[in-house]
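The structure appears right after this line, and notes come after that.
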Number of protein chains: 2
Amino acid sequence: MPRLTAFLLLGLLASLPLAAPAQAPSPTYRVETLAEGLDFPWSVAFLPGGRMLITERGGTLRMYERRRLLDKPVQGVPPVFASGQAGLFDVTLDPEFEQNQILYLSFAHGDQDANQARIVRARLSGYALEDVLPIFTAQPAKRGDAHYGARMAWLADGTLVMGLGDGFDYREQAQQRDSHLGKIIRIHRDGSVPTDNPFLDRQDTLPEIYSFGHRNVQGLVSDLATGRLWAHEHGPRGGDELNRIRAGHNYGWPLITYGLDYTGARVSPYTEMPGLEQPVLQWTPSIAPSGMTLYHGDLFPQWDNSLFVSTLAEKSVRRIPLTQANGVLAAGEQDVLFQELGERIRDVRTGPDGALYLLTDSANGKLLRVVPADAPTSLRQ
Amino acid sequence: MPRLTAFLLLGLLASLPLAAPAQAPSPTYRVETLAEGLDFPWSVAFLPGGRMLITERGGTLRMYERRRLLDKPVQGVPPVFASGQAGLFDVTLDPEFEQNQILYLSFAHGDQDANQARIVRARLSGYALEDVLPIFTAQPAKRGDAHYGARMAWLADGTLVMGLGDGFDYREQAQQRDSHLGKIIRIHRDGSVPTDNPFLDRQDTLPEIYSFGHRNVQGLVSDLATGRLWAHEHGPRGGDELNRIRAGHNYGWPLITYGLDYTGARVSPYTEMPGLEQPVLQWTPSIAPSGMTLYHGDLFPQWDNSLFVSTLAEKSVRRIPLTQANGVLAAGEQDVLFQELGERIRDVRTGPDGALYLLTDSANGKLLRVVPADAPTSLRQ
């Protein structure tokens, strides 16, 4: 049974040691363990009526209902190439899920020698997926099991975007527009290409491409109120980035970067170049950003309109307040949250109840729920 | 501040004294008061992130956030004809609300001499409605302030249906297809008419009409899993009905009815007639059904796939289990719930957390939440 993991913290948590304008102190919170024993959980989606779906990287989709994780996985998930970073990744519900019970999964398809990020759509019927249909498969197939990206998000017009990694050994393809590697793509719900995608007049460019020059996008958030799209990506040694994504723009990898190669060598001598976008923020050394939510929940008013970025290497969640006026980040106002857990955090989400939900990246992965410290113990316990 | 109104009940609640097949005992539950001081609340909608919108019949739209009812109403609600039964009625979110922040309100528009049920669509921006646009206005205008229907629901194809009352003094119009009175109508989200509405080939019929022969439909639930549409309607003295709605069908009011006129006289000598639909259930004496939900929440497994019908006269909520096999109701298996509150209940809904939410019909109206008796005190308190 889930145990209560309670941490009561008072006042302001660690901020970056930069000159920071006055900000409200962080609210006190409590972290509850809703489930444990998850096998490297990657993503959580909230079903109407209180249930949740959780992906495990090995290829299973788990149902959380009646305050517990069901032992038997959801049936009908396609075979997944599970190795290293490869496996089952994101789960997201159709914007009209309540009407159509459709959901989308992203995963690695293929084998060690030839594999591709893929999106399927499927209908959830009881505890099984039906009508499973691939709607996107990244081109070309690649070797190895690293850098898939694979987070999905919905734009305000109902189109689906997904970030794709550079495949690690294929980083130059992030600048090649006949490849989906190192891109953010945008498609309709049936996989067809929106007629206003930015490169449709270019013969040399795959039509799904929305932006390019990315390394490994694992956080993707659509701010539906402002129409802004936020993405973060892992740098190599240093140079993790937060970017505001604009259609057709080039985010520079590997031509410009603030990071070093793992050998310590420079990937590129340049950190900027005309025509290439600068990140809104960069993190050196790397925090290894893994997931992201834009908080507009009802439980933490002081956190409203903040991006929360889950991290692996830093074992934290970064809170990055957005300003209402222009959407530009105020420098130096990041909180570093939840380090007391001592866990790599794979995903952070806002629940329908206004709580923050976290997944820990572990063979004994946990689903955690963050509520105000003064909140009564929740129904989820 | 909200007070805790707790009722702990054990075991089986009152059932109708009919031969009933064995059924699971009702779960024990607890009723929590989330808000009070509402002025005849009519409908509640659940916003992403934990907030709620509540209509008050007098014409105000209230926001519930951070565990309390805000004093200041949401701005921008159109002027409403508020008198007797007339006023602001239902609020429902667009199926893609998270993408577009669009919602729909139904209300009485006009004055005592000439008024009409109307639907507007609007965009919720902060604490105000913007881009408010009427998309449906019932024809013809009528006198008086009774029988509007005005509950809305979404079909699986994303079209919007609404039940309309017969206007009380206009009951014969329920059979006249050049009038919207006593009908269920079906429209697109912009108010246009779906090309597969049932009477488009009939010159004598208003194109929005989906079904007819209704008295006063105030419960309307679309079972998105099965495609079935359920409606209940008030009878006069007796003869409240639950109907399964099929496109183009005639539900018989006032040609056939199980009810009597308020004088005691017969409205019609007939309870059935060829070509007119029989109700799935009828209630005599009247319970005055006011709202309805189909429960698929996560908190009460024994209540799964039951219709819950809120009532005014009986001061209760009826639970009506549906059978998985054929959708027909098992006779005599109704629970009569929540009579211990001693309140007229105006609306019953399933929340995103799987709890049941109730609104009481009173000048000191309450928002109540029903959770399992063994659940920890909720975040809402």
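Residues in the structure tokens are named by chain (A, B, ... in the order shown) and by number from 1 within that chain; ligands are numbered from 1 in the order shown.
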Using only C-alpha atoms, I'd like every residue of chain A that has an atom within 6 Å of chain B; please write them out as a list in words. Pro48, Gly49, Gly50, Arg66, Pro95, Glu96, Gln99, Ala156, Leu224, Gly297, Asp298, Leu299, Pro352, Asp353, Gly354, Ala375, Pro376, Thr377, Ser378 and Leu379 of chain A
List as an mmCIF file with N, CA, C and O atoms, in the first residue's frame the protein and nucleic acid residues near Ala86 (chain A), meaning an atom at most 9 Å away when only C-alpha atoms are counted, but skip any in the same chain fewer than 6 places from it.
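Output file result_36.cif is given in full below:
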```cif
data_model
loop_
_atom_site.group_PDB
_atom_site.id
_atom_site.type_symbol
_atom_site.label_atom_id
_atom_site.label_comp_id
_atom_site.auth_asym_id
_atom_site.auth_seq_id
_atom_site.Cartn_x
_atom_site.Cartn_y
_atom_site.Cartn_z
ATOM 1 N N ARG A 57 8.578 2.658 -19.074
ATOM 2 C CA ARG A 57 9.441 2.699 -20.255
ATOM 3 C C ARG A 57 9.593 1.334 -20.912
ATOM 4 O O ARG A 57 9.752 1.239 -22.134
ATOM 5 N N GLY A 58 9.506 0.253 -20.126
ATOM 6 C CA GLY A 58 9.639 -1.090 -20.692
ATOM 7 C C GLY A 58 8.553 -1.473 -21.670
ATOM 8 O O GLY A 58 8.684 -2.480 -22.378
ATOM 9 N N VAL A 80 7.116 -2.582 -28.301
ATOM 10 C CA VAL A 80 7.976 -1.417 -28.129
ATOM 11 C C VAL A 80 9.426 -1.884 -28.144
ATOM 12 O O VAL A 80 9.735 -2.952 -27.612
ATOM 13 N N PHE A 107 6.459 6.104 -28.673
ATOM 14 C CA PHE A 107 7.356 5.014 -28.265
ATOM 15 C C PHE A 107 8.401 4.776 -29.347
ATOM 16 O O PHE A 107 8.309 5.321 -30.448
ATOM 17 N N ALA A 108 9.412 3.975 -28.989
ATOM 18 C CA ALA A 108 10.427 3.566 -29.961
ATOM 19 C C ALA A 108 9.968 2.284 -30.627
ATOM 20 O O ALA A 108 9.635 1.302 -29.954
ATOM 21 N N HIS A 109 9.956 2.304 -31.940
ATOM 22 C CA HIS A 109 9.483 1.175 -32.737
ATOM 23 C C HIS A 109 10.662 0.615 -33.525
ATOM 24 O O HIS A 109 11.405 1.374 -34.146
ATOM 25 N N ALA A 117 11.079 6.784 -33.604
ATOM 26 C CA ALA A 117 10.007 7.269 -32.744
ATOM 27 C C ALA A 117 8.700 7.176 -33.512
ATOM 28 O O ALA A 117 8.642 7.522 -34.694
ATOM 29 N N GLY A 144 20.863 2.272 -32.519
ATOM 30 C CA GLY A 144 21.098 2.710 -31.145
ATOM 31 C C GLY A 144 19.823 3.031 -30.409
ATOM 32 O O GLY A 144 18.729 2.966 -30.965
ATOM 33 N N ASP A 145 19.980 3.365 -29.107
ATOM 34 C CA ASP A 145 18.813 3.482 -28.233
ATOM 35 C C ASP A 145 18.829 4.781 -27.424
ATOM 36 O O ASP A 145 18.457 4.797 -26.256
ATOM 37 N N ALA A 146 19.257 5.879 -28.041
ATOM 38 C CA ALA A 146 19.342 7.139 -27.299
ATOM 39 C C ALA A 146 18.651 8.289 -28.040
ATOM 40 O O ALA A 146 18.539 8.294 -29.258
ATOM 41 N N HIS A 147 18.186 9.271 -27.258
ATOM 42 C CA HIS A 147 17.707 10.574 -27.744
ATOM 43 C C HIS A 147 16.488 10.476 -28.658
ATOM 44 O O HIS A 147 16.581 10.637 -29.877
ATOM 45 N N TYR A 148 15.344 10.250 -28.019
ATOM 46 C CA TYR A 148 14.079 10.155 -28.765
ATOM 47 C C TYR A 148 13.177 11.378 -28.602
ATOM 48 O O TYR A 148 12.224 11.539 -29.345
#
```
List as an mmCIF file with N, CA, C and O atoms, in the first residue's frame the protein and nucleic acid residues near Pro321 (chain B), meaning an atom at most 8 Å away when only C-alpha atoms are counted, but skip any in the same chain fewer than 2 places from it.
```
data_model
loop_
_atom_site.group_PDB
_atom_site.id
_atom_site.type_symbol
_atom_site.label_atom_id
_atom_site.label_comp_id
_atom_site.auth_asym_id
_atom_site.auth_seq_id
_atom_site.Cartn_x
_atom_site.Cartn_y
_atom_site.Cartn_z
ATOM 1 N N TRP B 303 -21.530 2.174 -7.668
ATOM 2 C CA TRP B 303 -22.453 3.072 -8.351
ATOM 3 C C TRP B 303 -22.120 3.237 -9.834
ATOM 4 O O TRP B 303 -22.786 3.997 -10.541
ATOM 5 N N ASN B 305 -21.962 3.185 -13.687
ATOM 6 C CA ASN B 305 -22.991 3.002 -14.721
ATOM 7 C C ASN B 305 -24.415 3.160 -14.178
ATOM 8 O O ASN B 305 -25.342 2.496 -14.635
ATOM 9 N N SER B 306 -24.585 4.027 -13.201
ATOM 10 C CA SER B 306 -25.921 4.387 -12.718
ATOM 11 C C SER B 306 -26.238 5.812 -13.142
ATOM 12 O O SER B 306 -25.370 6.685 -13.107
ATOM 13 N N LEU B 307 -27.499 6.037 -13.515
ATOM 14 C CA LEU B 307 -27.991 7.406 -13.644
ATOM 15 C C LEU B 307 -28.344 7.910 -12.251
ATOM 16 O O LEU B 307 -28.971 7.193 -11.465
ATOM 17 N N ARG B 319 -31.018 6.942 -7.629
ATOM 18 C CA ARG B 319 -29.991 6.202 -8.367
ATOM 19 C C ARG B 319 -30.665 5.094 -9.155
ATOM 20 O O ARG B 319 -31.402 4.288 -8.584
ATOM 21 N N THR B 323 -28.144 -1.462 -16.978
ATOM 22 C CA THR B 323 -27.504 -2.752 -17.200
ATOM 23 C C THR B 323 -26.560 -2.623 -18.384
ATOM 24 O O THR B 323 -26.852 -1.929 -19.361
ATOM 25 N N LEU B 329 -33.418 -0.326 -18.053
ATOM 26 C CA LEU B 329 -33.355 -0.228 -16.605
ATOM 27 C C LEU B 329 -33.952 -1.468 -15.965
ATOM 28 O O LEU B 329 -34.984 -1.969 -16.403
ATOM 29 N N ALA B 330 -33.333 -1.917 -14.937
ATOM 30 C CA ALA B 330 -33.915 -2.987 -14.137
ATOM 31 C C ALA B 330 -34.936 -2.353 -13.203
ATOM 32 O O ALA B 330 -34.617 -1.463 -12.431
ATOM 33 N N GLU B 333 -35.042 -1.143 -8.882
ATOM 34 C CA GLU B 333 -33.706 -1.100 -8.296
ATOM 35 C C GLU B 333 -33.245 0.315 -8.012
ATOM 36 O O GLU B 333 -32.059 0.589 -7.965
ATOM 37 N N GLN B 334 -34.183 1.216 -7.863
ATOM 38 C CA GLN B 334 -33.769 2.584 -7.577
ATOM 39 C C GLN B 334 -33.459 2.775 -6.098
ATOM 40 O O GLN B 334 -34.232 2.365 -5.241
#
```
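The spacing separating CA of Tyr127 (chain A) from CA of Asp190 (chain A) amounts to 22.8 Å.
Comparing the minimum interatomic distances between Pro207 (chain A) and each of A:Ala122, A:Val221, A:Ala138, A:Val280, counting only C-alpha atoms, we find that A:Ala138 sits nearest.
Of the residues under consideration (B:Gly163, B:Glu340, B:Trp42, B:Lys183), B:Glu340 shows the shortest atom-to-atom contact distance to Arg30 (chain B) when counting only C-alpha atoms.
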So that I can check the surroundings of Gly110 (chain B), please list as a ChimeraX atom specification every protein, DNA and RNA residue that reaches within 12 Å of it, counting only C-alpha atoms and ignoring chain neighbours fewer than 4 positions away. /B:78-83,86-87,114-118,137-138,140-145
Expected file: the selected residues, all heavy atoms, as a tab-separated table (two decimals), in the first residue's frame:
```
chain	number	residue	atom	x	y	z
B	78	PRO	N	-24.75	37.83	-20.08
B	78	PRO	CA	-25.77	38.68	-20.71
B	78	PRO	C	-26.94	38.93	-19.74
B	78	PRO	O	-27.15	38.15	-18.81
B	78	PRO	CB	-26.26	37.84	-21.90
B	78	PRO	CG	-25.26	36.77	-22.09
B	78	PRO	CD	-24.60	36.54	-20.78
B	79	PRO	N	-27.70	39.99	-19.99
B	79	PRO	CA	-28.90	40.23	-19.17
B	79	PRO	C	-29.85	39.04	-19.30
B	79	PRO	O	-30.01	38.47	-20.38
B	79	PRO	CB	-29.52	41.48	-19.79
B	79	PRO	CG	-28.42	42.12	-20.56
B	79	PRO	CD	-27.51	41.03	-21.01
B	80	VAL	N	-30.45	38.69	-18.18
B	80	VAL	CA	-31.29	37.50	-18.09
B	80	VAL	C	-32.67	37.91	-17.62
B	80	VAL	O	-32.80	38.80	-16.78
B	80	VAL	CB	-30.62	36.52	-17.08
B	80	VAL	CG1	-31.59	35.50	-16.56
B	80	VAL	CG2	-29.42	35.85	-17.73
B	81	PHE	N	-33.70	37.31	-18.17
B	81	PHE	CA	-35.06	37.50	-17.64
B	81	PHE	C	-35.22	36.57	-16.45
B	81	PHE	O	-35.29	35.34	-16.59
B	81	PHE	CB	-36.09	37.19	-18.72
B	81	PHE	CG	-37.49	37.06	-18.19
B	81	PHE	CD1	-38.06	38.07	-17.40
B	81	PHE	CD2	-38.27	35.94	-18.47
B	81	PHE	CE1	-39.35	37.96	-16.91
B	81	PHE	CE2	-39.56	35.83	-17.98
B	81	PHE	CZ	-40.11	36.83	-17.19
B	82	ALA	N	-35.19	37.15	-15.24
B	82	ALA	CA	-35.24	36.36	-14.01
B	82	ALA	C	-36.57	36.59	-13.31
B	82	ALA	O	-36.85	37.69	-12.84
B	82	ALA	CB	-34.09	36.73	-13.09
B	83	SER	N	-37.39	35.56	-13.28
B	83	SER	CA	-38.73	35.65	-12.67
B	83	SER	C	-39.28	34.24	-12.61
B	83	SER	O	-39.17	33.49	-13.58
B	83	SER	CB	-39.63	36.53	-13.56
B	83	SER	OG	-40.98	36.43	-13.15
B	86	ALA	N	-37.88	31.37	-14.54
B	86	ALA	CA	-36.99	31.93	-15.56
B	86	ALA	C	-35.72	32.49	-14.94
B	86	ALA	O	-35.73	32.97	-13.81
B	86	ALA	CB	-37.71	33.04	-16.33
B	87	GLY	N	-34.63	32.46	-15.70
B	87	GLY	CA	-33.38	33.02	-15.22
B	87	GLY	C	-32.21	32.43	-15.97
B	87	GLY	O	-32.33	32.03	-17.13
B	114	ALA	N	-42.68	38.54	-23.52
B	114	ALA	CA	-42.09	37.87	-24.69
B	114	ALA	C	-40.69	37.42	-24.30
B	114	ALA	O	-39.78	38.24	-24.18
B	114	ALA	CB	-42.02	38.82	-25.88
B	115	ASN	N	-40.54	36.13	-24.08
B	115	ASN	CA	-39.21	35.63	-23.70
B	115	ASN	C	-38.96	34.27	-24.33
B	115	ASN	O	-39.88	33.57	-24.76
B	115	ASN	CB	-39.07	35.60	-22.18
B	115	ASN	CG	-40.08	34.68	-21.52
B	115	ASN	OD1	-39.91	33.47	-21.53
B	115	ASN	ND2	-41.17	35.26	-21.00
B	116	GLN	N	-37.68	33.94	-24.37
B	116	GLN	CA	-37.23	32.77	-25.12
B	116	GLN	C	-36.04	32.15	-24.43
B	116	GLN	O	-35.18	32.88	-23.91
B	116	GLN	CB	-36.79	33.22	-26.53
B	116	GLN	CG	-37.87	33.90	-27.34
B	116	GLN	CD	-37.28	34.83	-28.38
B	116	GLN	OE1	-36.83	35.93	-28.05
B	116	GLN	NE2	-37.29	34.38	-29.63
B	117	ALA	N	-35.94	30.84	-24.46
B	117	ALA	CA	-34.71	30.18	-24.04
B	117	ALA	C	-33.63	30.49	-25.07
B	117	ALA	O	-33.87	30.47	-26.27
B	117	ALA	CB	-34.91	28.67	-23.94
B	118	ARG	N	-32.46	30.80	-24.56
B	118	ARG	CA	-31.36	31.18	-25.46
B	118	ARG	C	-30.08	30.47	-25.01
B	118	ARG	O	-29.90	30.23	-23.82
B	118	ARG	CB	-31.18	32.70	-25.43
B	118	ARG	CG	-29.93	33.21	-26.14
B	118	ARG	CD	-29.92	34.72	-26.26
B	118	ARG	NE	-30.77	35.16	-27.37
B	118	ARG	CZ	-30.85	36.42	-27.79
B	118	ARG	NH1	-30.16	37.37	-27.19
B	118	ARG	NH2	-31.63	36.73	-28.81
B	137	THR	N	-31.78	30.69	-30.21
B	137	THR	CA	-32.88	31.36	-29.51
B	137	THR	C	-34.16	30.66	-29.90
B	137	THR	O	-34.48	30.55	-31.09
B	137	THR	CB	-32.94	32.85	-29.89
B	137	THR	OG1	-31.67	33.47	-29.60
B	137	THR	CG2	-34.03	33.57	-29.09
B	138	ALA	N	-34.87	30.16	-28.90
B	138	ALA	CA	-36.06	29.35	-29.17
B	138	ALA	C	-37.15	30.20	-29.82
B	138	ALA	O	-37.38	31.35	-29.42
B	138	ALA	CB	-36.58	28.73	-27.87
B	140	PRO	N	-41.39	30.16	-30.95
B	140	PRO	CA	-41.55	31.61	-30.88
B	140	PRO	C	-41.30	32.13	-29.46
B	140	PRO	O	-41.17	31.34	-28.53
B	140	PRO	CB	-43.03	31.78	-31.24
B	140	PRO	CG	-43.67	30.57	-30.63
B	140	PRO	CD	-42.66	29.44	-30.77
B	141	ALA	N	-41.25	33.46	-29.33
B	141	ALA	CA	-41.26	34.04	-27.99
B	141	ALA	C	-42.60	33.73	-27.34
B	141	ALA	O	-43.62	33.58	-28.02
B	141	ALA	CB	-41.04	35.55	-28.08
B	142	LYS	N	-42.59	33.63	-26.02
B	142	LYS	CA	-43.82	33.27	-25.28
B	142	LYS	C	-43.97	34.19	-24.08
B	142	LYS	O	-43.01	34.86	-23.67
B	142	LYS	CB	-43.72	31.82	-24.83
B	142	LYS	CG	-42.55	31.59	-23.87
B	142	LYS	CD	-42.63	30.26	-23.17
B	142	LYS	CE	-41.68	30.24	-21.98
B	142	LYS	NZ	-42.00	31.21	-20.92
B	143	ARG	N	-45.17	34.19	-23.49
B	143	ARG	CA	-45.42	34.93	-22.25
B	143	ARG	C	-45.14	34.04	-21.05
B	143	ARG	O	-45.14	32.82	-21.15
B	143	ARG	CB	-46.89	35.35	-22.18
B	143	ARG	CG	-47.32	36.39	-23.19
B	143	ARG	CD	-48.81	36.64	-23.07
B	143	ARG	NE	-49.17	37.21	-21.77
B	143	ARG	CZ	-49.25	38.53	-21.53
B	143	ARG	NH1	-49.02	39.39	-22.51
B	143	ARG	NH2	-49.56	38.98	-20.33
B	144	GLY	N	-44.95	34.67	-19.89
B	144	GLY	CA	-44.86	33.91	-18.64
B	144	GLY	C	-43.45	33.43	-18.35
B	144	GLY	O	-42.52	33.68	-19.13
B	145	ASP	N	-43.32	32.80	-17.18
B	145	ASP	CA	-41.97	32.49	-16.69
B	145	ASP	C	-41.83	31.03	-16.25
B	145	ASP	O	-41.16	30.75	-15.26
B	145	ASP	CB	-41.60	33.45	-15.55
B	145	ASP	CG	-42.63	33.45	-14.43
B	145	ASP	OD1	-43.42	32.48	-14.34
B	145	ASP	OD2	-42.65	34.41	-13.65
```
Test item: residues at most 9 Å from Thr205 (chain B), only C-alpha atoms, excluding those fewer than 2 positions along its chain, as JSON, numbers by chain: {"B": [176, 177, 178, 179, 199, 200, 201, 202, 203, 207, 208, 209]}
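CA of Leu367 (chain A) sits 5.1 Å away from CA of Ala35 (chain A).
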